[in-house]
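A.B. asks: Following this line is model.tsv, made up of TSV, C-alpha atoms and all ligand atoms:
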```tsv
chain	number	residue	atom	x	y	z
A	1	PRO	CA	40.16	14.19	-1.27
A	2	LEU	CA	39.58	12.59	2.12
A	3	VAL	CA	35.87	11.72	2.23
A	4	LEU	CA	33.77	10.20	4.99
A	5	GLY	CA	30.62	8.41	3.82
A	6	ILE	CA	27.57	7.50	5.88
A	7	GLU	CA	25.09	4.77	4.94
A	8	THR	CA	21.83	4.11	6.81
A	9	SER	CA	19.29	3.24	4.11
A	10	CYS	CA	18.34	-0.15	5.54
A	11	ASP	CA	19.70	-2.16	8.47
A	12	GLU	CA	23.43	-1.47	8.16
A	13	THR	CA	24.97	1.55	9.83
A	14	GLY	CA	28.00	2.07	7.62
A	15	VAL	CA	30.79	4.62	7.90
A	16	GLY	CA	33.51	4.50	5.26
A	17	ILE	CA	36.55	6.68	4.76
A	18	VAL	CA	38.41	6.96	1.45
A	19	ARG	CA	41.22	9.05	0.05
A	20	GLY	CA	40.44	9.25	-3.66
A	21	ASN	CA	40.10	5.62	-4.75
A	22	THR	CA	41.90	4.29	-1.70
A	23	LEU	CA	39.80	2.67	1.00
A	24	LEU	CA	41.02	3.64	4.47
A	25	ALA	CA	38.17	2.38	6.67
A	26	ASP	CA	34.87	0.56	6.31
A	27	ALA	CA	33.08	0.23	9.65
A	28	VAL	CA	29.70	-1.48	9.56
A	29	ALA	CA	27.30	-2.16	12.42
A	30	SER	CA	24.28	-4.26	11.45
A	31	SER	CA	20.97	-4.67	13.21
A	32	VAL	CA	20.16	-7.72	11.07
A	33	GLU	CA	19.95	-10.04	14.08
A	34	GLU	CA	17.26	-7.88	15.67
A	35	HIS	CA	15.14	-8.29	12.52
A	36	ALA	CA	15.81	-11.98	11.85
A	37	ARG	CA	12.96	-13.28	14.01
A	38	PHE	CA	10.48	-11.08	12.08
A	39	GLY	CA	11.71	-12.48	8.76
A	40	GLY	CA	12.38	-9.01	7.38
A	41	VAL	CA	13.67	-5.59	8.34
A	42	VAL	CA	11.43	-3.74	10.83
A	43	PRO	CA	11.79	-0.02	9.99
A	44	GLU	CA	11.39	1.35	13.53
A	45	VAL	CA	13.89	-1.12	14.92
A	46	ALA	CA	16.36	-0.18	12.17
A	47	SER	CA	16.05	3.57	12.84
A	48	ARG	CA	16.61	3.09	16.55
A	49	ALA	CA	19.63	0.87	15.93
A	50	HIS	CA	21.15	3.50	13.58
A	51	LEU	CA	20.79	6.12	16.30
A	52	GLU	CA	22.62	3.94	18.78
A	53	ALA	CA	25.33	2.83	16.38
A	54	MET	CA	26.06	6.12	14.61
A	55	VAL	CA	28.60	7.78	16.91
A	56	PRO	CA	30.52	4.59	17.80
A	57	THR	CA	30.69	3.61	14.13
A	58	ILE	CA	32.04	7.04	13.13
A	59	GLU	CA	34.64	6.77	15.89
A	60	ARG	CA	35.64	3.28	14.83
A	61	ALA	CA	36.03	4.32	11.20
A	62	CYS	CA	38.25	7.28	12.15
A	63	ALA	CA	40.38	5.05	14.38
A	64	ASP	CA	40.71	2.39	11.65
A	65	ALA	CA	41.70	5.02	9.08
A	66	GLY	CA	44.06	6.74	11.51
A	67	ILE	CA	42.52	10.13	10.82
A	68	ARG	CA	40.83	12.86	12.85
A	69	LEU	CA	37.40	14.15	11.81
A	70	LEU	CA	39.02	17.55	11.31
A	71	ASP	CA	41.12	16.12	8.45
A	72	VAL	CA	38.05	15.21	6.35
A	73	ASP	CA	37.49	17.27	3.17
A	74	ALA	CA	33.86	16.33	2.56
A	75	ILE	CA	30.97	14.32	4.01
A	76	ALA	CA	28.90	12.04	1.77
A	77	VAL	CA	25.64	10.48	2.84
A	78	THR	CA	23.01	8.20	1.34
A	79	ASN	CA	19.89	10.37	1.02
A	80	GLY	CA	17.83	7.76	-0.82
A	81	PRO	CA	16.36	5.39	-1.72
A	82	GLY	CA	15.66	3.38	1.43
A	83	LEU	CA	13.63	3.35	4.62
A	84	ALA	CA	12.58	6.94	5.39
A	85	GLY	CA	13.28	6.86	9.13
A	86	ALA	CA	16.58	5.05	8.67
A	87	LEU	CA	17.76	7.51	6.00
A	88	LEU	CA	16.89	10.42	8.28
A	89	VAL	CA	19.34	9.28	10.94
A	90	GLY	CA	22.25	9.21	8.50
A	91	VAL	CA	21.31	12.48	6.82
A	92	ALA	CA	20.97	14.25	10.19
A	93	ALA	CA	24.34	12.90	11.37
A	94	ALA	CA	26.00	13.99	8.10
A	95	LYS	CA	24.53	17.48	8.36
A	96	ALA	CA	25.75	17.80	11.94
A	97	LEU	CA	29.26	16.77	10.88
A	98	ALA	CA	29.24	19.09	7.86
A	99	VAL	CA	28.15	22.07	9.94
A	100	GLY	CA	30.46	21.28	12.85
A	101	LEU	CA	33.49	20.77	10.61
A	102	GLY	CA	32.61	23.48	8.11
A	103	LYS	CA	32.91	20.97	5.25
A	104	PRO	CA	30.67	20.36	2.21
A	105	ILE	CA	28.00	17.64	2.24
A	106	PHE	CA	27.11	15.46	-0.75
A	107	GLY	CA	23.81	13.60	-0.72
A	108	VAL	CA	24.29	10.50	-2.85
A	109	ASN	CA	22.08	7.83	-4.37
A	110	HIS	CA	22.46	4.46	-2.64
A	111	LEU	CA	22.09	2.59	-5.93
A	112	ALA	CA	24.74	4.62	-7.75
A	113	ALA	CA	26.97	4.03	-4.72
A	114	HIS	CA	26.56	0.24	-5.18
A	115	VAL	CA	28.07	0.79	-8.65
A	116	ALA	CA	30.71	3.36	-7.67
A	117	VAL	CA	32.19	1.19	-4.91
A	118	ASP	CA	34.01	-0.97	-7.45
A	119	GLN	CA	36.51	1.81	-8.08
A	120	LEU	CA	37.93	1.22	-4.61
A	121	GLU	CA	38.87	-2.26	-5.70
A	122	HIS	CA	39.53	-2.08	-9.43
A	123	GLY	CA	40.28	1.60	-10.10
A	124	PRO	CA	38.34	4.15	-12.18
A	125	LEU	CA	35.08	2.80	-13.62
A	126	PRO	CA	35.18	1.84	-17.29
A	127	SER	CA	33.12	4.37	-19.22
A	128	PRO	CA	30.69	3.59	-20.57
A	129	CYS	CA	29.81	0.32	-18.88
A	130	VAL	CA	26.70	-1.77	-18.43
A	131	ALA	CA	25.88	-2.00	-14.73
A	132	LEU	CA	23.85	-4.91	-13.42
A	133	LEU	CA	22.51	-3.65	-10.12
A	134	VAL	CA	20.99	-6.45	-8.07
A	135	SER	CA	20.07	-5.86	-4.45
A	136	GLY	CA	17.39	-6.40	-1.85
A	137	GLY	CA	15.08	-3.75	-3.26
A	138	HIS	CA	16.23	-3.22	-6.85
A	139	SER	CA	17.21	-5.09	-9.99
A	140	SER	CA	18.22	-3.01	-12.99
A	141	LEU	CA	20.40	-2.92	-16.04
A	142	LEU	CA	21.93	0.51	-16.54
A	143	ARG	CA	24.17	2.17	-19.08
A	144	VAL	CA	26.59	4.18	-16.98
A	145	SER	CA	28.91	6.77	-18.48
A	146	ASP	CA	29.17	8.96	-15.38
A	147	VAL	CA	28.18	7.49	-12.04
A	148	THR	CA	27.93	11.00	-10.54
A	149	GLY	CA	24.97	11.68	-12.78
A	150	GLY	CA	25.17	14.54	-15.22
A	151	ASP	CA	23.46	14.52	-18.58
A	152	GLN	CA	22.71	10.89	-19.51
A	153	GLY	CA	25.23	9.73	-16.90
A	154	VAL	CA	23.03	6.84	-15.81
A	155	VAL	CA	20.52	5.53	-18.35
A	156	PRO	CA	18.14	2.70	-17.44
A	157	LEU	CA	18.03	-0.14	-19.97
A	158	GLY	CA	15.70	-2.38	-17.99
A	159	ALA	CA	14.49	-3.26	-14.52
A	160	THR	CA	12.45	-5.81	-12.65
A	161	ILE	CA	8.73	-5.54	-13.25
A	162	ASP	CA	7.94	-7.15	-9.88
A	163	ASP	CA	10.29	-8.50	-7.17
A	164	ALA	CA	13.96	-7.60	-6.85
A	165	ALA	CA	16.48	-10.44	-7.17
A	166	GLY	CA	17.50	-10.18	-3.51
A	167	GLU	CA	13.86	-10.18	-2.46
A	168	ALA	CA	13.37	-13.44	-4.39
A	169	PHE	CA	16.37	-14.98	-2.60
A	170	ASP	CA	14.97	-13.88	0.75
A	171	LYS	CA	11.44	-15.17	0.04
A	172	VAL	CA	12.60	-18.52	-1.30
A	173	ALA	CA	14.96	-18.96	1.65
A	174	ARG	CA	11.99	-18.48	3.92
A	175	LEU	CA	10.02	-21.16	2.01
A	176	LEU	CA	12.95	-23.51	2.51
A	177	GLY	CA	13.21	-22.76	6.21
A	178	LEU	CA	16.53	-20.92	5.88
A	179	PRO	CA	17.26	-17.83	8.04
A	180	PHE	CA	16.92	-14.16	7.02
A	181	PRO	CA	18.49	-12.65	5.00
A	182	GLY	CA	18.32	-15.66	2.74
A	183	GLY	CA	20.78	-14.84	-0.05
A	184	PRO	CA	23.96	-16.07	1.64
A	185	HIS	CA	22.17	-19.19	2.98
A	186	ILE	CA	20.85	-20.15	-0.47
A	187	ASP	CA	24.30	-19.53	-1.91
A	188	ARG	CA	25.81	-21.91	0.65
A	189	ALA	CA	23.10	-24.60	0.38
A	190	ALA	CA	23.30	-24.48	-3.42
A	191	ARG	CA	26.95	-25.54	-3.34
A	192	SER	CA	25.93	-29.04	-2.33
A	193	GLY	CA	22.83	-29.19	-4.51
A	194	SER	CA	22.08	-29.88	-8.16
A	195	SER	CA	21.16	-26.86	-10.28
A	196	VAL	CA	19.29	-29.07	-12.78
A	197	TYR	CA	17.20	-30.87	-10.16
A	198	VAL	CA	14.12	-28.74	-10.94
A	199	ASP	CA	13.74	-26.75	-14.16
A	200	PHE	CA	12.29	-23.54	-12.71
A	201	PRO	CA	10.94	-20.82	-15.06
A	202	ARG	CA	13.22	-18.12	-16.46
A	203	GLY	CA	11.13	-14.95	-16.27
A	204	LEU	CA	10.69	-12.72	-19.35
A	205	THR	CA	12.80	-14.85	-21.66
A	206	SER	CA	10.18	-16.16	-24.10
A	207	ARG	CA	10.42	-14.70	-27.57
A	208	ARG	CA	7.21	-12.79	-26.99
A	209	ASP	CA	8.31	-11.33	-23.67
A	210	LEU	CA	11.67	-10.35	-25.12
A	211	GLU	CA	9.92	-8.11	-27.65
A	212	ARG	CA	8.61	-5.85	-24.89
A	213	HIS	CA	10.92	-6.68	-22.01
A	214	ARG	CA	14.30	-7.40	-23.56
A	215	PHE	CA	16.30	-6.09	-20.60
A	216	ASP	CA	13.64	-6.36	-17.88
A	217	PHE	CA	13.41	-8.99	-15.17
A	218	SER	CA	10.60	-10.80	-13.37
A	219	PHE	CA	11.11	-12.98	-10.33
A	220	SER	CA	7.68	-13.28	-8.75
A	221	GLY	CA	6.60	-16.15	-11.05
A	222	LEU	CA	9.76	-18.01	-10.13
A	223	LYS	CA	9.09	-17.53	-6.43
A	224	THR	CA	5.55	-18.89	-6.89
A	225	ALA	CA	6.88	-21.85	-8.88
A	226	VAL	CA	9.27	-22.72	-6.04
A	227	ALA	CA	6.43	-22.38	-3.50
A	228	ARG	CA	4.18	-24.72	-5.53
A	229	TRP	CA	6.96	-27.27	-5.97
A	230	VAL	CA	7.75	-27.28	-2.25
A	231	GLU	CA	4.04	-27.56	-1.32
A	232	ALA	CA	3.54	-30.49	-3.69
A	233	ARG	CA	6.54	-32.25	-2.16
A	234	GLU	CA	5.28	-31.67	1.35
A	235	ARG	CA	1.80	-32.95	0.45
A	236	SER	CA	3.31	-36.13	-0.92
A	237	GLY	CA	5.02	-36.63	2.44
A	238	GLU	CA	8.48	-36.76	0.90
A	239	PRO	CA	11.28	-34.60	2.33
A	240	VAL	CA	12.17	-31.39	0.48
A	241	PRO	CA	15.72	-31.58	-0.92
A	242	VAL	CA	16.67	-28.07	0.25
A	243	ASP	CA	20.12	-27.98	-1.36
A	244	ASP	CA	18.79	-29.08	-4.76
A	245	VAL	CA	15.88	-26.63	-4.71
A	246	ALA	CA	18.22	-23.83	-3.61
A	247	ALA	CA	20.66	-24.64	-6.42
A	248	SER	CA	17.88	-24.91	-9.04
A	249	PHE	CA	16.28	-21.64	-7.93
A	250	GLN	CA	19.61	-19.82	-7.83
A	251	GLU	CA	20.46	-21.07	-11.31
A	252	ALA	CA	17.15	-19.73	-12.66
A	253	VAL	CA	17.93	-16.27	-11.24
A	254	VAL	CA	21.55	-15.99	-12.31
A	255	ASP	CA	20.87	-17.54	-15.72
A	256	VAL	CA	18.51	-14.68	-16.58
A	257	LEU	CA	20.63	-11.97	-14.94
A	258	THR	CA	23.80	-12.94	-16.77
A	259	ARG	CA	22.10	-13.64	-20.11
A	260	LYS	CA	20.43	-10.21	-20.15
A	261	ALA	CA	23.49	-8.34	-18.88
A	262	VAL	CA	25.66	-9.82	-21.63
A	263	ASP	CA	22.95	-9.18	-24.25
A	264	ALA	CA	22.70	-5.57	-23.11
A	265	ALA	CA	26.46	-5.06	-23.38
A	266	VAL	CA	26.55	-6.64	-26.84
A	267	SER	CA	23.58	-4.61	-28.03
A	268	GLU	CA	25.07	-1.36	-26.67
A	269	GLY	CA	28.50	-2.17	-28.07
A	270	ILE	CA	29.98	-1.93	-24.57
A	271	GLU	CA	32.87	-4.12	-23.46
A	272	ASP	CA	32.60	-3.83	-19.69
A	273	ILE	CA	29.97	-5.11	-17.30
A	274	LEU	CA	29.98	-4.04	-13.70
A	275	ILE	CA	27.91	-5.93	-11.14
A	276	GLY	CA	26.87	-4.32	-7.87
A	277	GLY	CA	24.43	-4.65	-4.96
A	278	GLY	CA	24.02	-7.35	-2.32
A	279	VAL	CA	23.18	-10.14	-4.80
A	280	ALA	CA	26.50	-9.44	-6.58
A	281	ALA	CA	28.03	-11.30	-3.62
A	282	ASN	CA	26.47	-14.51	-4.99
A	283	SER	CA	29.20	-16.97	-5.90
A	284	ARG	CA	27.35	-18.60	-8.80
A	285	LEU	CA	26.40	-15.23	-10.31
A	286	ARG	CA	30.06	-14.19	-10.26
A	287	VAL	CA	31.23	-17.37	-12.00
A	288	LEU	CA	28.49	-17.51	-14.65
A	289	ALA	CA	28.76	-13.78	-15.48
A	290	GLU	CA	32.50	-14.13	-16.01
A	291	GLU	CA	32.05	-17.23	-18.17
A	292	ARG	CA	29.32	-15.83	-20.40
A	293	ALA	CA	30.91	-12.41	-20.79
A	294	ALA	CA	34.32	-13.89	-21.63
A	295	ALA	CA	32.69	-15.87	-24.43
A	296	LYS	CA	31.71	-12.52	-26.01
A	297	GLY	CA	34.98	-10.74	-25.29
A	298	ILE	CA	33.38	-8.70	-22.52
A	299	ARG	CA	35.09	-7.94	-19.20
A	300	VAL	CA	33.28	-8.27	-15.89
A	301	ARG	CA	34.08	-6.36	-12.70
A	302	VAL	CA	32.51	-7.28	-9.37
A	303	PRO	CA	33.67	-5.88	-6.04
A	304	ARG	CA	34.61	-8.33	-3.29
A	305	PRO	CA	31.51	-9.66	-1.47
A	306	GLY	CA	32.01	-7.40	1.58
A	307	LEU	CA	31.70	-4.33	-0.63
A	308	CYS	CA	28.59	-5.65	-2.45
A	309	THR	CA	26.29	-5.61	0.57
A	310	ASP	CA	25.47	-2.25	2.18
A	311	ASN	CA	28.42	-0.33	3.61
A	312	GLY	CA	29.73	3.20	4.13
A	313	ALA	CA	32.74	2.79	1.84
A	314	MET	CA	30.48	2.79	-1.22
A	315	VAL	CA	29.01	6.11	-0.18
A	316	ALA	CA	32.44	7.59	0.47
A	317	ALA	CA	33.60	6.28	-2.93
A	318	LEU	CA	30.78	8.04	-4.76
A	319	GLY	CA	31.34	11.18	-2.65
A	320	ALA	CA	35.03	11.20	-3.59
A	321	GLU	CA	34.07	10.89	-7.25
A	322	MET	CA	31.69	13.86	-6.86
A	323	VAL	CA	34.50	15.95	-5.41
A	324	ALA	CA	36.97	14.78	-8.09
A	325	ARG	CA	34.53	15.74	-10.85
A	326	GLY	CA	33.90	19.16	-9.33
A	327	ARG	CA	30.24	18.49	-8.61
A	328	GLN	CA	28.41	21.05	-6.56
A	329	ALA	CA	27.78	20.14	-2.94
A	330	SER	CA	24.21	19.59	-1.68
A	331	PRO	CA	22.39	22.26	0.29
A	332	LEU	CA	22.42	21.92	4.06
A	333	ASP	CA	18.66	21.36	4.06
A	334	LEU	CA	19.19	18.30	1.89
A	335	PRO	CA	16.13	16.05	2.34
A	336	ALA	CA	16.05	12.27	2.63
A	337	ASP	CA	14.07	10.79	-0.27
A	338	SER	CA	12.94	7.23	0.35
A	339	SER	CA	11.98	6.69	-3.30
A	340	LEU	CA	14.87	8.46	-5.04
A	341	PRO	CA	14.99	6.95	-8.57
A	342	VAL	CA	18.15	5.21	-9.74
A	343	THR	CA	18.80	7.87	-12.38
A	344	SER	CA	18.85	10.86	-10.04
A	345	VAL	CA	22.28	10.64	-8.58
A	346	LEU	CA	22.45	14.19	-7.33
A	347	ALA	CA	20.14	15.46	-4.64
B	401	LIG	P1	18.76	-1.75	-1.98
B	401	LIG	O1	20.21	-1.66	-2.24
B	401	LIG	O2	17.95	-2.12	-3.18
B	401	LIG	O3	18.22	-0.56	-1.25
B	401	LIG	P2	19.35	-3.33	0.28
B	401	LIG	O4	20.29	-2.22	0.52
B	401	LIG	O5	18.45	-3.79	1.37
B	401	LIG	O6	18.50	-2.99	-1.00
B	401	LIG	P3	21.66	-4.89	-0.24
B	401	LIG	O7	22.28	-4.80	1.12
B	401	LIG	O8	22.28	-4.16	-1.32
B	401	LIG	O9	20.10	-4.58	-0.22
B	401	LIG	O10	21.52	-6.40	-0.56
B	401	LIG	C1	20.89	-7.27	0.34
B	401	LIG	C2	20.30	-8.40	-0.46
B	401	LIG	O11	21.39	-9.16	-1.03
B	401	LIG	C3	19.47	-9.35	0.35
B	401	LIG	O12	18.29	-9.63	-0.37
B	401	LIG	C4	20.36	-10.59	0.46
B	401	LIG	O13	19.65	-11.80	0.58
B	401	LIG	C5	21.12	-10.52	-0.84
B	401	LIG	N1	22.39	-11.26	-0.80
B	401	LIG	C6	23.44	-11.05	0.02
B	401	LIG	N2	24.40	-11.98	-0.20
B	401	LIG	C7	23.94	-12.80	-1.18
B	401	LIG	C8	24.43	-13.97	-1.84
B	401	LIG	N3	25.62	-14.49	-1.53
B	401	LIG	N4	23.65	-14.52	-2.79
B	401	LIG	C9	22.44	-14.01	-3.11
B	401	LIG	N5	21.92	-12.93	-2.53
B	401	LIG	C10	22.65	-12.34	-1.56
B	402	MG	MG	21.14	-5.30	5.00
B	403	FE	FE	21.82	-1.70	-0.92
```
Once you've parsed the file, please lay out its structure as structure tokens.
Ligand code: ATP
Ligand code: MG
Ligand code: FE
C.D. replies:
Amino acid sequence: PLVLGIETSCDETGVGIVRGNTLLADAVASSVEEHARFGGVVPEVASRAHLEAMVPTIERACADAGIRLLDVDAIAVTNGPGLAGALLVGVAAAKALAVGLGKPIFGVNHLAAHVAVDQLEHGPLPSPCVALLVSGGHSSLLRVSDVTGGDQGVVPLGATIDDAAGEAFDKVARLLGLPFPGGPHIDRAARSGSSVYVDFPRGLTSRRDLERHRFDFSFSGLKTAVARWVEARERSGEPVPVDDVAASFQEAVVDVLTRKAVDAAVSEGIEDILIGGGVAANSRLRVLAEERAAAKGIRVRVPRPGLCTDNGAMVAALGAEMVARGRQASPLDLPADSSLPVTSVLA
């Protein structure tokens, strides 16, 4: 099926077009620069930017794909989770298209879409697989047998009990004076730093914590530890070695993420790990996950970095999978749900 997907859950206006598992267009307009000086995404600014970018981004995607809107078989749209006002813009645009074209609309879960997108790059998802979903607002380990939902399609194994991994990257970047969003800047700085310069804490990895939180994550203690270390350095009047702190912090995050993802796969008897979400773009996470999984005979799939951060292609990919699996379309009064849980894939 030819599916057009719309993504507006945060600050990216994304319109993707796929035919089955083939990516035809992935147009993204970001308002990130408008938020940078506030050090975080300003919801009202994001909504307004989506409104302005929506029609041009749809037009650009159609031109890139070489299709007319009339050719589309279905519209998919992120209806949660995300910023309420931002989601509304995408959902309203998708409804207008669905009504105007007389085509079905599929409301899809943004988090499931972060997982589904990999099929555009590496073909049908291995089933079951362990998905490590690490983004700006979420960090979870999931057992995925059907990314379109269904009975036990997506089962949570663990999640962060405080900050998301991406949130930790963004907060630590801010402490180090790096621009927003911090993930890519930490990634870059870390390349010329030493990952063993500071031994930062690995959250929820003590024997006691593992009893109750085997597959859960915690990053707020790590963030505080970095803040204390930087403050102490500044008080002593010595310069802060940004690259070394970035590398040491990054290592603490990806050490725990990869350790727990591999443990989850081994414990579930699953041979495939899929990593998705903005933090999946992290170069060190990709290398360490591959290394540790390979040691246990487990395969790792990660989409290319451009498909890890928010985009419309991921929404179209999940929409195409919904159509392929004969899932029922959403009603035309489909609501946006800013706190849609990761397990409820279907609206
Ligand atoms: P969610 O998907 O939970 O709703 P979101 O959509 O805002 O959150 P994504 O776009 O999926 O988040 O991911 C953005 C996050 O990914 C930001 O926190 C950003 O710093 C982080 N990120 C992006 N690239 C990298 C990288 N190379 N290394 C580490 N983190 C990164
Ligand atoms: Mg973003
Ligand atoms: Fe996201």
A.B. asks: Nearest to Leu178 of chain A: which of A:Ala246, A:Ala252, A:Ile105, A:Leu210 is it, counting all atoms listed in the file?
C.D. replies: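 Going through A:Ala246, A:Ala252, A:Ile105, A:Leu210 one by one, the smallest distance to Leu178 of chain A is for A:Ala246.
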A.B. asks: Quick check, in Å to one decimal: how far apart do atom CA of Ser339 of chain A and atom CA of Pro81 of chain A lie?
C.D. replies: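 Between atom CA of Ser339 of chain A and atom CA of Pro81 of chain A the gap is 4.8 Å.
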A.B. asks: Write out as a ChimeraX atom specification the residues lying within 12 Å of Leu332 of chain A, counting all atoms listed in the file and excluding same-chain residues fewer than 5 positions away.
C.D. replies: /A:75,77,91-100,102-107,347
A.B. asks: List every protein, DNA or RNA residue that has an atom no more than 6 Å from (36.2, 3.7, 2.8) in the file's coordinate frame, counting all atoms listed in the file, and report them as a list of chain:residue names.
C.D. replies: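 I get A:Gly16, A:Ile17, A:Val18, A:Leu23, A:Leu24, A:Ala25, A:Asp26, A:Ala313, A:Ala316 for the residues within 6 Å of that point.
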A.B. asks: Tell me, as a list in words, which residues lie within 9 Å of Leu222 of chain A, counting all atoms listed in the file; anything in the same chain fewer than 3 positions away does not count.
C.D. replies: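 Residues near the query, excluding close chain neighbours: Ala168, Phe200, Pro201, Arg202, Gly203, Ser218, Phe219, Ala225, Val226, Ala227, Phe249, Ala252 and Val253 of chain A.
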A.B. asks: Since we have the selection now, will you write its residues out, keeping C-alpha atoms, as a PDB file, in the coordinates of the input?
C.D. replies:
```
ATOM      1  CA  ALA A 168      13.370 -13.440  -4.390  1.00  0.00           C
ATOM      2  CA  PHE A 200      12.290 -23.540 -12.710  1.00  0.00           C
ATOM      3  CA  PRO A 201      10.940 -20.820 -15.060  1.00  0.00           C
ATOM      4  CA  ARG A 202      13.220 -18.120 -16.460  1.00  0.00           C
ATOM      5  CA  GLY A 203      11.130 -14.950 -16.270  1.00  0.00           C
ATOM      6  CA  SER A 218      10.600 -10.800 -13.370  1.00  0.00           C
ATOM      7  CA  PHE A 219      11.110 -12.980 -10.330  1.00  0.00           C
ATOM      8  CA  ALA A 225       6.880 -21.850  -8.880  1.00  0.00           C
ATOM      9  CA  VAL A 226       9.270 -22.720  -6.040  1.00  0.00           C
ATOM     10  CA  ALA A 227       6.430 -22.380  -3.500  1.00  0.00           C
ATOM     11  CA  PHE A 249      16.280 -21.640  -7.930  1.00  0.00           C
ATOM     12  CA  ALA A 252      17.150 -19.730 -12.660  1.00  0.00           C
ATOM     13  CA  VAL A 253      17.930 -16.270 -11.240  1.00  0.00           C
TER      14      VAL A 253
END
```
A.B. asks: Do you know which residues are within 6 Å of ligand FE 403 (chain B) using only C-alpha atoms and all ligand atoms? Can you write them as a list in words?
C.D. replies: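 Residues satisfying the distance criterion: Ser135, Gly277 and Asp310 of chain A.
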A.B. asks: Can you write just those residues out, C-alpha atoms, as a PDB file, in the coordinates of the input?
C.D. replies:
```
ATOM      1  CA  SER A 135      20.070  -5.860  -4.450  1.00  0.00           C
ATOM      2  CA  GLY A 277      24.430  -4.650  -4.960  1.00  0.00           C
ATOM      3  CA  ASP A 310      25.470  -2.250   2.180  1.00  0.00           C
TER       4      ASP A 310
END
```
A.B. asks: With the cut-off set at 7 Å and counting all atoms listed in the file, tabulate each residue of chain A with an atom at most that distance from an atom of ligand MG 402 (chain B), showing the nearest atom pair and its distance in Å to one decimal, ordered by chain and increasing number, as a tab-separated table.
C.D. replies:
```
residue	atom	partner	partner_atom	distance
A:Cys10	CA	B:MG402	MG	5.9
A:Asp11	CA	B:MG402	MG	4.9
A:Glu12	CA	B:MG402	MG	5.5
A:Val32	CA	B:MG402	MG	6.6
A:Thr309	CA	B:MG402	MG	6.8
A:Asp310	CA	B:MG402	MG	6.0
```
A.B. asks: Could you please extract the residues within 9 Å of ligand LIG 401 (chain B), counting only C-alpha atoms and all ligand atoms, and hand them back as a ChimeraX atom specification?
C.D. replies: /A:9-12,41,80-83,110-111,114,133-139,164-171,173,180-188,250,276-285,305,308-311
A.B. asks: Write the residues of the selection above to a file with C-alpha atoms, as an mmCIF file, keeping the file's coordinate frame.
C.D. replies:
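Okay, selection13.cif is ready:
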```cif
data_model
loop_
_atom_site.group_PDB
_atom_site.id
_atom_site.type_symbol
_atom_site.label_atom_id
_atom_site.label_comp_id
_atom_site.auth_asym_id
_atom_site.auth_seq_id
_atom_site.Cartn_x
_atom_site.Cartn_y
_atom_site.Cartn_z
ATOM 1 C CA SER A 9 19.290 3.240 4.110
ATOM 2 C CA CYS A 10 18.340 -0.150 5.540
ATOM 3 C CA ASP A 11 19.700 -2.160 8.470
ATOM 4 C CA GLU A 12 23.430 -1.470 8.160
ATOM 5 C CA VAL A 41 13.670 -5.590 8.340
ATOM 6 C CA GLY A 80 17.830 7.760 -0.820
ATOM 7 C CA PRO A 81 16.360 5.390 -1.720
ATOM 8 C CA GLY A 82 15.660 3.380 1.430
ATOM 9 C CA LEU A 83 13.630 3.350 4.620
ATOM 10 C CA HIS A 110 22.460 4.460 -2.640
ATOM 11 C CA LEU A 111 22.090 2.590 -5.930
ATOM 12 C CA HIS A 114 26.560 0.240 -5.180
ATOM 13 C CA LEU A 133 22.510 -3.650 -10.120
ATOM 14 C CA VAL A 134 20.990 -6.450 -8.070
ATOM 15 C CA SER A 135 20.070 -5.860 -4.450
ATOM 16 C CA GLY A 136 17.390 -6.400 -1.850
ATOM 17 C CA GLY A 137 15.080 -3.750 -3.260
ATOM 18 C CA HIS A 138 16.230 -3.220 -6.850
ATOM 19 C CA SER A 139 17.210 -5.090 -9.990
ATOM 20 C CA ALA A 164 13.960 -7.600 -6.850
ATOM 21 C CA ALA A 165 16.480 -10.440 -7.170
ATOM 22 C CA GLY A 166 17.500 -10.180 -3.510
ATOM 23 C CA GLU A 167 13.860 -10.180 -2.460
ATOM 24 C CA ALA A 168 13.370 -13.440 -4.390
ATOM 25 C CA PHE A 169 16.370 -14.980 -2.600
ATOM 26 C CA ASP A 170 14.970 -13.880 0.750
ATOM 27 C CA LYS A 171 11.440 -15.170 0.040
ATOM 28 C CA ALA A 173 14.960 -18.960 1.650
ATOM 29 C CA PHE A 180 16.920 -14.160 7.020
ATOM 30 C CA PRO A 181 18.490 -12.650 5.000
ATOM 31 C CA GLY A 182 18.320 -15.660 2.740
ATOM 32 C CA GLY A 183 20.780 -14.840 -0.050
ATOM 33 C CA PRO A 184 23.960 -16.070 1.640
ATOM 34 C CA HIS A 185 22.170 -19.190 2.980
ATOM 35 C CA ILE A 186 20.850 -20.150 -0.470
ATOM 36 C CA ASP A 187 24.300 -19.530 -1.910
ATOM 37 C CA ARG A 188 25.810 -21.910 0.650
ATOM 38 C CA GLN A 250 19.610 -19.820 -7.830
ATOM 39 C CA GLY A 276 26.870 -4.320 -7.870
ATOM 40 C CA GLY A 277 24.430 -4.650 -4.960
ATOM 41 C CA GLY A 278 24.020 -7.350 -2.320
ATOM 42 C CA VAL A 279 23.180 -10.140 -4.800
ATOM 43 C CA ALA A 280 26.500 -9.440 -6.580
ATOM 44 C CA ALA A 281 28.030 -11.300 -3.620
ATOM 45 C CA ASN A 282 26.470 -14.510 -4.990
ATOM 46 C CA SER A 283 29.200 -16.970 -5.900
ATOM 47 C CA ARG A 284 27.350 -18.600 -8.800
ATOM 48 C CA LEU A 285 26.400 -15.230 -10.310
ATOM 49 C CA PRO A 305 31.510 -9.660 -1.470
ATOM 50 C CA CYS A 308 28.590 -5.650 -2.450
ATOM 51 C CA THR A 309 26.290 -5.610 0.570
ATOM 52 C CA ASP A 310 25.470 -2.250 2.180
ATOM 53 C CA ASN A 311 28.420 -0.330 3.610
#
```
